[in-house]
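First the structure, in the form of structure tokens, and then the observations on it.
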Amino acid sequence: MIALGFALRSLFLGDHFMPIDKNNYAWLDGLGTLPRIIVESRALVGILETPGSANNSVIIGWAKEVGGSVEKTYTADSVPWCGLFMALVARRAGKTPPVDPLWALNWGKFGERAGQPMLGDVLTFIRPGGGHVALYVGEDGDHYHVINGNISDQVCFSRIEKTRLRAALRTPYMTTPGS
């Protein structure tokens, strides 16, 4: 079952779905004041799903913290949770998540369309059968570097192919990031 999960994630997100060591992003510490959503998400890097039928009480607790329909419908960490992760960090950053935030592509209604993404923007991605949502950290020639939930069953930094991008969205900032 675990091998199948990795194979499916590879199919959905490309060859660069594996987590990237968070130390590769230590440069973020030198940028000064970061968008609060980035600060909140970085604090969660490394949290893992519980294998098998058990659940990580931390992830289940996120659904309770987000509240509303999310608390009622999200009951197992085996259910895709990239949208749950985003709802949590958005709420902790003082933002209101979109309606039905567990559906990754609903994050396409969060904020205003951005041209070139910048630090802290929400990116939605297409995959067969659905989508994925993550936070922009940077990019290279072919990939966006993001912080996301539920890649290899954890919160992590990863790279996602630019061709999979559906939308880049920006919410109003009190202080606009310098990148």
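Chain labels A, B, ... are given in the sequence in which chains occur in the structure tokens; within each chain residues are numbered consecutively from 1, and ligands are likewise numbered from 1 in the order shown.
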
Within 8 Å of segment 76-85 of chain A: each segment 25-62 of chain A residue with its shortest pair, only C-alpha atoms, as JSON lines:
```
{"residue": "A:Glu49", "atom": "CA", "partner": "A:Asp77", "partner_atom": "CA", "distance": 6.1}
{"residue": "A:Thr50", "atom": "CA", "partner": "A:Asp77", "partner_atom": "CA", "distance": 7.3}
{"residue": "A:Ser53", "atom": "CA", "partner": "A:Ser78", "partner_atom": "CA", "distance": 7.7}
{"residue": "A:Asn55", "atom": "CA", "partner": "A:Asp77", "partner_atom": "CA", "distance": 5.5}
{"residue": "A:Asn56", "atom": "CA", "partner": "A:Asp77", "partner_atom": "CA", "distance": 6.7}
{"residue": "A:Ile59", "atom": "CA", "partner": "A:Asp77", "partner_atom": "CA", "distance": 6.6}
{"residue": "A:Ile60", "atom": "CA", "partner": "A:Asp77", "partner_atom": "CA", "distance": 6.8}
{"residue": "A:Trp62", "atom": "CA", "partner": "A:Leu84", "partner_atom": "CA", "distance": 7.3}
```

Residues of segment 21-76 of chain A at most 9 Å from segment 115-126 of chain A: nearest atom pair and distance in Å, only C-alpha atoms, as a tab-separated table:
```
residue	atom	partner	partner_atom	distance
A:Leu34	CA	A:Leu119	CA	8.2
A:Pro35	CA	A:Gly120	CA	6.0
A:Arg36	CA	A:Gly120	CA	8.3
A:Ile37	CA	A:Gly120	CA	6.5
A:Ile38	CA	A:Gly120	CA	5.8
```

So that I can check the secondary structure, give me every residue of segment 70-172 of chain A assigned strand (DSSP E or B) by backbone DSSP, as a PyMOL selection string.
chain A and resi 112-113+122-127+130-139+143-151+154-161+165-170

For His145 of chain A, list every protein, DNA or RNA residue within 9 Å, evaluated using only C-alpha atoms, and leave out those in the same chain fewer than 5 positions away; present the list as number ranges by chain.
A: 135-140, 157-160

What is the atom CA of Leu105 of chain A to atom CA of Gly131 of chain A distance in Å?
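These atoms are spaced 5.6 Å apart.
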
Between A:Gly67, A:Pro172, A:Gly111, A:Pro101, which one has atoms that come closest to His132 of chain A, using only C-alpha atoms?
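When distances to His132 of chain A are compared using only C-alpha atoms, the smallest one comes from A:Pro101.
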
Would you list the contacts of Lys22 of chain A as an MDAnalysis selection string, taking every protein, DNA or RNA residue within 9 Å and counting only C-alpha atoms, but skipping same-chain residues closer than 5 positions in sequence?
chainID A and resid 42 45:46 156:157

Could you tell me how far atom CA of Met86 of chain A lies from atom CA of Ala134 of chain A, in Å and to one decimal?
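So the answer is 7.2 Å.
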
For atom CA of Ser41 of chain A and atom CA of Val89 of chain A, quote the distance in Å rounded to one decimal.
5.9 Å

Determine the nearest neighbour of Gly108 of chain A from the options A:Leu169, A:Val70, A:Ala43, A:Ala90, counting only C-alpha atoms.
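Selected residue with least distance to Gly108 of chain A: A:Leu169.
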
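Distance check against Glu65 of chain A using only C-alpha atoms: of A:Ala167, A:Arg91, A:Trp103, A:Thr96, the minimum falls on A:Arg91.
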
Given only C-alpha atoms as the basis, pick out the residue of A:Asn106, A:Asn23, A:Asn148, A:Thr73 nearest to Leu88 of chain A.
A:Asn148
